[in-house]
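Asker: Dropping in query_14.json, which is JSON, C-alpha atoms:
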```
[["chain", "number", "residue", "atom", "x", "y", "z"],
["A", 1, "MET", "CA", 55.32, 36.35, 33.97],
["A", 2, "SER", "CA", 54.20, 33.86, 36.58],
["A", 3, "ALA", "CA", 54.63, 34.65, 40.26],
["A", 4, "ASN", "CA", 57.05, 31.73, 40.64],
["A", 5, "LEU", "CA", 59.21, 32.99, 37.78],
["A", 6, "ASP", "CA", 59.24, 36.44, 39.36],
["A", 7, "GLN", "CA", 60.41, 34.87, 42.63],
["A", 8, "VAL", "CA", 63.19, 32.98, 40.83],
["A", 9, "PHE", "CA", 64.42, 36.15, 39.11],
["A", 10, "LYS", "CA", 64.22, 38.11, 42.36],
["A", 11, "ALA", "CA", 66.03, 35.41, 44.33],
["A", 12, "LEU", "CA", 68.83, 35.11, 41.77],
["A", 13, "SER", "CA", 69.18, 38.87, 41.35],
["A", 14, "ASP", "CA", 71.18, 39.04, 44.58],
["A", 15, "PRO", "CA", 74.89, 38.19, 44.18],
["A", 16, "THR", "CA", 75.12, 36.56, 47.61],
["A", 17, "ARG", "CA", 72.13, 34.32, 46.89],
["A", 18, "ARG", "CA", 73.66, 33.35, 43.54],
["A", 19, "ALA", "CA", 76.91, 32.49, 45.31],
["A", 20, "ILE", "CA", 75.04, 30.39, 47.90],
["A", 21, "PHE", "CA", 73.13, 28.65, 45.09],
["A", 22, "GLU", "CA", 76.41, 27.94, 43.26],
["A", 23, "ARG", "CA", 77.95, 26.59, 46.47],
["A", 24, "LEU", "CA", 74.95, 24.26, 46.90],
["A", 25, "ALA", "CA", 75.50, 22.99, 43.34],
["A", 26, "ARG", "CA", 78.48, 21.14, 44.85],
["A", 27, "GLY", "CA", 76.20, 19.26, 47.23],
["A", 28, "GLU", "CA", 73.98, 19.46, 50.26],
["A", 29, "SER", "CA", 75.21, 21.56, 53.15],
["A", 30, "PRO", "CA", 74.05, 22.68, 56.59],
["A", 31, "VAL", "CA", 73.74, 26.41, 57.22],
["A", 32, "LYS", "CA", 76.81, 26.43, 59.48],
["A", 33, "GLU", "CA", 79.03, 25.04, 56.70],
["A", 34, "LEU", "CA", 77.61, 27.49, 54.18],
["A", 35, "LYS", "CA", 78.28, 30.40, 56.54],
["A", 36, "ALA", "CA", 81.98, 29.49, 56.62],
["A", 37, "HIS", "CA", 82.25, 30.45, 52.92],
["A", 38, "PHE", "CA", 80.73, 33.92, 53.29],
["A", 39, "GLU", "CA", 81.65, 37.00, 55.27],
["A", 40, "ILE", "CA", 78.11, 37.53, 56.53],
["A", 41, "SER", "CA", 76.34, 36.46, 59.71],
["A", 42, "GLN", "CA", 74.58, 33.12, 60.07],
["A", 43, "PRO", "CA", 71.18, 34.88, 60.31],
["A", 44, "ALA", "CA", 71.95, 36.65, 57.02],
["A", 45, "VAL", "CA", 72.83, 33.31, 55.37],
["A", 46, "SER", "CA", 69.56, 31.91, 56.73],
["A", 47, "GLN", "CA", 67.61, 34.85, 55.28],
["A", 48, "HIS", "CA", 69.19, 34.31, 51.87],
["A", 49, "LEU", "CA", 68.41, 30.59, 52.07],
["A", 50, "ALA", "CA", 64.80, 31.42, 53.01],
["A", 51, "ALA", "CA", 64.48, 33.58, 49.88],
["A", 52, "LEU", "CA", 65.94, 30.78, 47.73],
["A", 53, "HIS", "CA", 63.61, 28.27, 49.39],
["A", 54, "GLU", "CA", 60.55, 30.49, 48.90],
["A", 55, "ALA", "CA", 61.43, 30.75, 45.20],
["A", 56, "GLY", "CA", 61.60, 26.96, 45.01],
["A", 57, "LEU", "CA", 65.31, 26.96, 44.19],
["A", 58, "VAL", "CA", 66.49, 25.04, 47.23],
["A", 59, "ALA", "CA", 65.05, 22.26, 49.37],
["A", 60, "ARG", "CA", 65.76, 21.71, 53.04],
["A", 61, "ARG", "CA", 65.67, 18.86, 55.51],
["A", 62, "GLN", "CA", 66.08, 18.72, 59.25],
["A", 63, "GLU", "CA", 68.59, 16.44, 60.89],
["A", 64, "GLY", "CA", 68.35, 16.99, 64.60],
["A", 65, "ARG", "CA", 69.05, 20.66, 65.20],
["A", 66, "LEU", "CA", 70.72, 21.16, 61.83],
["A", 67, "THR", "CA", 68.96, 22.28, 58.67],
["A", 68, "HIS", "CA", 70.56, 20.97, 55.50],
["A", 69, "TYR", "CA", 70.01, 22.69, 52.15],
["A", 70, "ARG", "CA", 70.39, 21.39, 48.62],
["A", 71, "ILE", "CA", 69.37, 22.57, 45.17],
["A", 72, "ALA", "CA", 65.74, 21.71, 44.47],
["A", 73, "LYS", "CA", 65.31, 19.17, 41.70],
["A", 74, "ASP", "CA", 63.14, 21.34, 39.45],
["A", 75, "GLY", "CA", 63.97, 24.70, 41.00],
["A", 76, "LEU", "CA", 65.19, 26.29, 37.79],
["A", 77, "ALA", "CA", 62.35, 24.86, 35.69],
["A", 78, "PRO", "CA", 60.37, 28.14, 35.54],
["A", 79, "LEU", "CA", 63.46, 29.98, 34.30],
["A", 80, "VAL", "CA", 64.40, 27.25, 31.81],
["A", 81, "ASN", "CA", 60.83, 27.15, 30.46],
["A", 82, "TRP", "CA", 60.78, 30.92, 30.07],
["A", 83, "LEU", "CA", 64.12, 30.90, 28.22],
["A", 84, "GLU", "CA", 63.01, 28.04, 25.96],
["A", 85, "HIS", "CA", 59.98, 30.10, 24.97],
["A", 86, "TYR", "CA", 62.28, 32.85, 23.65],
["A", 87, "GLN", "CA", 64.90, 30.50, 22.23],
["A", 88, "ALA", "CA", 62.77, 29.95, 19.14],
["A", 89, "PHE", "CA", 62.61, 33.71, 18.58],
["A", 90, "TRP", "CA", 66.37, 34.13, 18.83],
["A", 91, "SER", "CA", 67.08, 31.01, 16.78],
["A", 92, "ASP", "CA", 65.03, 32.51, 13.97],
["A", 93, "HIS", "CA", 66.35, 36.06, 14.24],
["A", 94, "LEU", "CA", 70.05, 35.73, 15.08],
["A", 95, "PRO", "CA", 71.11, 34.37, 11.65],
["A", 96, "ARG", "CA", 69.31, 37.28, 9.98],
["A", 97, "LEU", "CA", 70.88, 39.76, 12.38],
["A", 98, "LYS", "CA", 74.32, 38.27, 11.65],
["A", 99, "ALA", "CA", 73.73, 38.50, 7.89],
["A", 100, "LEU", "CA", 72.63, 42.12, 8.25],
["A", 101, "ALA", "CA", 75.68, 42.99, 10.33],
["A", 102, "GLU", "CA", 77.98, 41.30, 7.83],
["A", 103, "SER", "CA", 76.34, 43.10, 4.89],
["A", 104, "LEU", "CA", 76.75, 46.44, 6.67],
["A", 105, "SER", "CA", 80.41, 45.76, 7.38],
["A", 106, "ASP", "CA", 80.98, 44.92, 3.69],
["A", 107, "ASP", "CA", 79.81, 48.39, 2.66]]
```
Now, as a test, write the supplied structure out as structure tokens.
Answerer:
Amino acid sequence: MSANLDQVFKALSDPTRRAIFERLARGESPVKELKAHFEISQPAVSQHLAALHEAGLVARRQEGRLTHYRIAKDGLAPLVNWLEHYQAFWSDHLPRLKALAESLSDD
């Protein structure tokens, strides 16, 4: 697994980070607005955003003193590529697994 893919999995393994990521799917937001949706401190939100940013999942921009976050354009690409690699395997094997299960249930 590539280091970037490991970072994506690690970043998304945390439920709070997934919730922040899902909130950002609705559009760009400054940290202060994000904090209003979570019962954690602003520094904790910032730490979660830093982990998402390090994994390449979110992008940030400064506007004066505010930092705005949004989902990175190709942030999920490592995960999508990894899943596509295994999709061929499952596409080939799931019909056979289904047929086997059905034949066993007929017995």
Asker: Quick one: pull the distance between atom CA of Gly64 of chain A and atom CA of Val8 of chain A, Å, one decimal.
Answerer: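 Atom-to-atom, atom CA of Gly64 of chain A to atom CA of Val8 of chain A, that is 29.1 Å.
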Asker: Have a look at atom CA of Ser91 of chain A and atom CA of Ala72 of chain A and let me know their distance in Å, one decimal.
Answerer: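 Taking atom CA of Ser91 of chain A as the start and atom CA of Ala72 of chain A as the end point, the length is 29.2 Å.
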Asker: Nearest residue to Phe21 of chain A out of A:Glu33, A:Ala77, A:Leu94, A:His53, using all atoms listed in the file?
Answerer: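 Of A:Glu33, A:Ala77, A:Leu94, A:His53, the one nearest Phe21 of chain A is A:His53, counting all atoms listed in the file.
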Asker: Could you jot down the atom CA of Phe38 of chain A to atom CA of Leu57 of chain A separation for me, Å, one decimal place?
Answerer: 19.2 Å
Asker: For Leu34 of chain A, which residue out of A:Glu63, A:His68, A:Trp90, A:Ala55 is the nearest one, using all atoms listed in the file?
Answerer: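 Among the listed residues, the smallest separation from Leu34 of chain A belongs to A:His68.
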Asker: Which residue out of A:Ala36, A:Leu49, A:Ile71, A:Ala88 has the minimum interatomic distance to Asp14 of chain A when all atoms listed in the file are used?
Answerer: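 Among the listed residues, the smallest separation from Asp14 of chain A belongs to A:Leu49.
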Asker: Looking at all atoms listed in the file, which of A:Asp74, A:Ser105, A:Asp92, A:Ala99 is the one that sits closest to Ala59 of chain A?
Answerer: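 Nearest candidate to Ala59 of chain A out of A:Asp74, A:Ser105, A:Asp92, A:Ala99: A:Asp74.
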Asker: I need the residue nearest Leu24 of chain A from this list: A:Lys10, A:His37, A:His85, A:Lys98. Use only C-alpha atoms for the distance.
Answerer: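 Comparing A:Lys10, A:His37, A:His85, A:Lys98 against Leu24 of chain A, the winner is A:His37.
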Asker: Between A:Arg65, A:Leu97, A:Leu5, A:Val58, which one has atoms that come closest to Gly27 of chain A, using all atoms listed in the file?
Answerer: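 That would be A:Val58, the residue with the smallest distance to Gly27 of chain A.
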Asker: Quick one: everything within 8 Å of Thr67 of chain A, counting only C-alpha atoms, minus sequence neighbours fewer than 6 positions away in the same chain. Send it as a list in words.
Answerer: Pro30, Val31, Arg60 and Arg61 of chain A
Asker: Could you pull out every residue with an atom within 12 Å of (58.0, 35.1, 38.6), file coordinates, counting only C-alpha atoms, and send them as an NGL selection string?
Answerer: :A and (1-12 or 54-56 or 76-79 or 81-82)
Asker: Need the shell around Gln47 of chain A: protein/DNA/RNA residues with any atom at most 12 Å away, counting all atoms listed in the file. Skip same-chain ones fewer than 4 positions apart. Format as a list in words?
Answerer: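 Those residues are Ala11, Thr16, Arg17, Ile20, Val31, Lys35, Ile40, Ser41, Gln42, Pro43, Ala51, Leu52, His53 and Glu54 of chain A.
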Asker: Rebuild segment 72-97 of chain A to N, CA and C atoms - output it as a PDB file, in the frame of the given file, please.
Answerer:
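Saved the output as out_36.pdb:
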```
ATOM      1  N   ALA A  72      67.006  22.396  44.739  1.00  0.00           N
ATOM      2  CA  ALA A  72      65.740  21.710  44.470  1.00  0.00           C
ATOM      3  C   ALA A  72      65.781  21.117  43.070  1.00  0.00           C
ATOM      4  N   LYS A  73      65.254  19.927  42.946  1.00  0.00           N
ATOM      5  CA  LYS A  73      65.310  19.170  41.700  1.00  0.00           C
ATOM      6  C   LYS A  73      64.839  19.978  40.487  1.00  0.00           C
ATOM      7  N   ASP A  74      63.686  20.584  40.578  1.00  0.00           N
ATOM      8  CA  ASP A  74      63.140  21.340  39.450  1.00  0.00           C
ATOM      9  C   ASP A  74      63.099  22.840  39.732  1.00  0.00           C
ATOM     10  N   GLY A  75      63.990  23.301  40.588  1.00  0.00           N
ATOM     11  CA  GLY A  75      63.970  24.700  41.000  1.00  0.00           C
ATOM     12  C   GLY A  75      64.132  25.701  39.877  1.00  0.00           C
ATOM     13  N   LEU A  76      64.960  25.368  38.904  1.00  0.00           N
ATOM     14  CA  LEU A  76      65.190  26.290  37.790  1.00  0.00           C
ATOM     15  C   LEU A  76      64.216  26.090  36.638  1.00  0.00           C
ATOM     16  N   ALA A  77      63.283  25.162  36.777  1.00  0.00           N
ATOM     17  CA  ALA A  77      62.350  24.860  35.690  1.00  0.00           C
ATOM     18  C   ALA A  77      61.587  26.095  35.184  1.00  0.00           C
ATOM     19  N   PRO A  78      61.073  26.963  36.068  1.00  0.00           N
ATOM     20  CA  PRO A  78      60.370  28.140  35.540  1.00  0.00           C
ATOM     21  C   PRO A  78      61.269  29.018  34.667  1.00  0.00           C
ATOM     22  N   LEU A  79      62.516  29.177  35.066  1.00  0.00           N
ATOM     23  CA  LEU A  79      63.460  29.980  34.300  1.00  0.00           C
ATOM     24  C   LEU A  79      63.806  29.304  32.974  1.00  0.00           C
ATOM     25  N   VAL A  80      64.069  28.009  33.018  1.00  0.00           N
ATOM     26  CA  VAL A  80      64.400  27.250  31.810  1.00  0.00           C
ATOM     27  C   VAL A  80      63.227  27.301  30.828  1.00  0.00           C
ATOM     28  N   ASN A  81      62.019  27.099  31.325  1.00  0.00           N
ATOM     29  CA  ASN A  81      60.830  27.150  30.460  1.00  0.00           C
ATOM     30  C   ASN A  81      60.670  28.518  29.817  1.00  0.00           C
ATOM     31  N   TRP A  82      60.907  29.560  30.590  1.00  0.00           N
ATOM     32  CA  TRP A  82      60.780  30.920  30.070  1.00  0.00           C
ATOM     33  C   TRP A  82      61.822  31.168  28.984  1.00  0.00           C
ATOM     34  N   LEU A  83      63.057  30.729  29.215  1.00  0.00           N
ATOM     35  CA  LEU A  83      64.120  30.900  28.220  1.00  0.00           C
ATOM     36  C   LEU A  83      63.846  30.085  26.957  1.00  0.00           C
ATOM     37  N   GLU A  84      63.322  28.876  27.124  1.00  0.00           N
ATOM     38  CA  GLU A  84      63.010  28.040  25.960  1.00  0.00           C
ATOM     39  C   GLU A  84      61.942  28.701  25.090  1.00  0.00           C
ATOM     40  N   HIS A  85      61.017  29.397  25.711  1.00  0.00           N
ATOM     41  CA  HIS A  85      59.980  30.100  24.970  1.00  0.00           C
ATOM     42  C   HIS A  85      60.596  31.131  24.010  1.00  0.00           C
ATOM     43  N   TYR A  86      61.643  31.815  24.467  1.00  0.00           N
ATOM     44  CA  TYR A  86      62.280  32.850  23.650  1.00  0.00           C
ATOM     45  C   TYR A  86      63.402  32.304  22.777  1.00  0.00           C
ATOM     46  N   GLN A  87      63.835  31.093  23.036  1.00  0.00           N
ATOM     47  CA  GLN A  87      64.900  30.500  22.230  1.00  0.00           C
ATOM     48  C   GLN A  87      64.491  30.409  20.769  1.00  0.00           C
ATOM     49  N   ALA A  88      63.243  30.052  20.514  1.00  0.00           N
ATOM     50  CA  ALA A  88      62.770  29.950  19.140  1.00  0.00           C
ATOM     51  C   ALA A  88      62.869  31.303  18.439  1.00  0.00           C
ATOM     52  N   PHE A  89      62.515  32.363  19.150  1.00  0.00           N
ATOM     53  CA  PHE A  89      62.610  33.710  18.580  1.00  0.00           C
ATOM     54  C   PHE A  89      64.049  34.020  18.180  1.00  0.00           C
ATOM     55  N   TRP A  90      64.975  33.793  19.114  1.00  0.00           N
ATOM     56  CA  TRP A  90      66.370  34.130  18.830  1.00  0.00           C
ATOM     57  C   TRP A  90      66.971  33.208  17.798  1.00  0.00           C
ATOM     58  N   SER A  91      66.567  31.948  17.794  1.00  0.00           N
ATOM     59  CA  SER A  91      67.080  31.010  16.780  1.00  0.00           C
ATOM     60  C   SER A  91      66.685  31.459  15.382  1.00  0.00           C
ATOM     61  N   ASP A  92      65.495  32.030  15.262  1.00  0.00           N
ATOM     62  CA  ASP A  92      65.030  32.510  13.970  1.00  0.00           C
ATOM     63  C   ASP A  92      65.669  33.840  13.575  1.00  0.00           C
ATOM     64  N   HIS A  93      65.925  34.704  14.546  1.00  0.00           N
ATOM     65  CA  HIS A  93      66.350  36.060  14.240  1.00  0.00           C
ATOM     66  C   HIS A  93      67.870  36.280  14.251  1.00  0.00           C
ATOM     67  N   LEU A  94      68.608  35.507  15.015  1.00  0.00           N
ATOM     68  CA  LEU A  94      70.050  35.730  15.080  1.00  0.00           C
ATOM     69  C   LEU A  94      70.765  35.534  13.742  1.00  0.00           C
ATOM     70  N   PRO A  95      70.438  34.494  12.951  1.00  0.00           N
ATOM     71  CA  PRO A  95      71.110  34.370  11.650  1.00  0.00           C
ATOM     72  C   PRO A  95      70.845  35.579  10.742  1.00  0.00           C
ATOM     73  N   ARG A  96      69.616  36.092  10.797  1.00  0.00           N
ATOM     74  CA  ARG A  96      69.310  37.280   9.980  1.00  0.00           C
ATOM     75  C   ARG A  96      70.049  38.501  10.486  1.00  0.00           C
ATOM     76  N   LEU A  97      70.150  38.628  11.801  1.00  0.00           N
ATOM     77  CA  LEU A  97      70.880  39.760  12.380  1.00  0.00           C
ATOM     78  C   LEU A  97      72.358  39.675  12.002  1.00  0.00           C
TER      79      LEU A  97
END
```
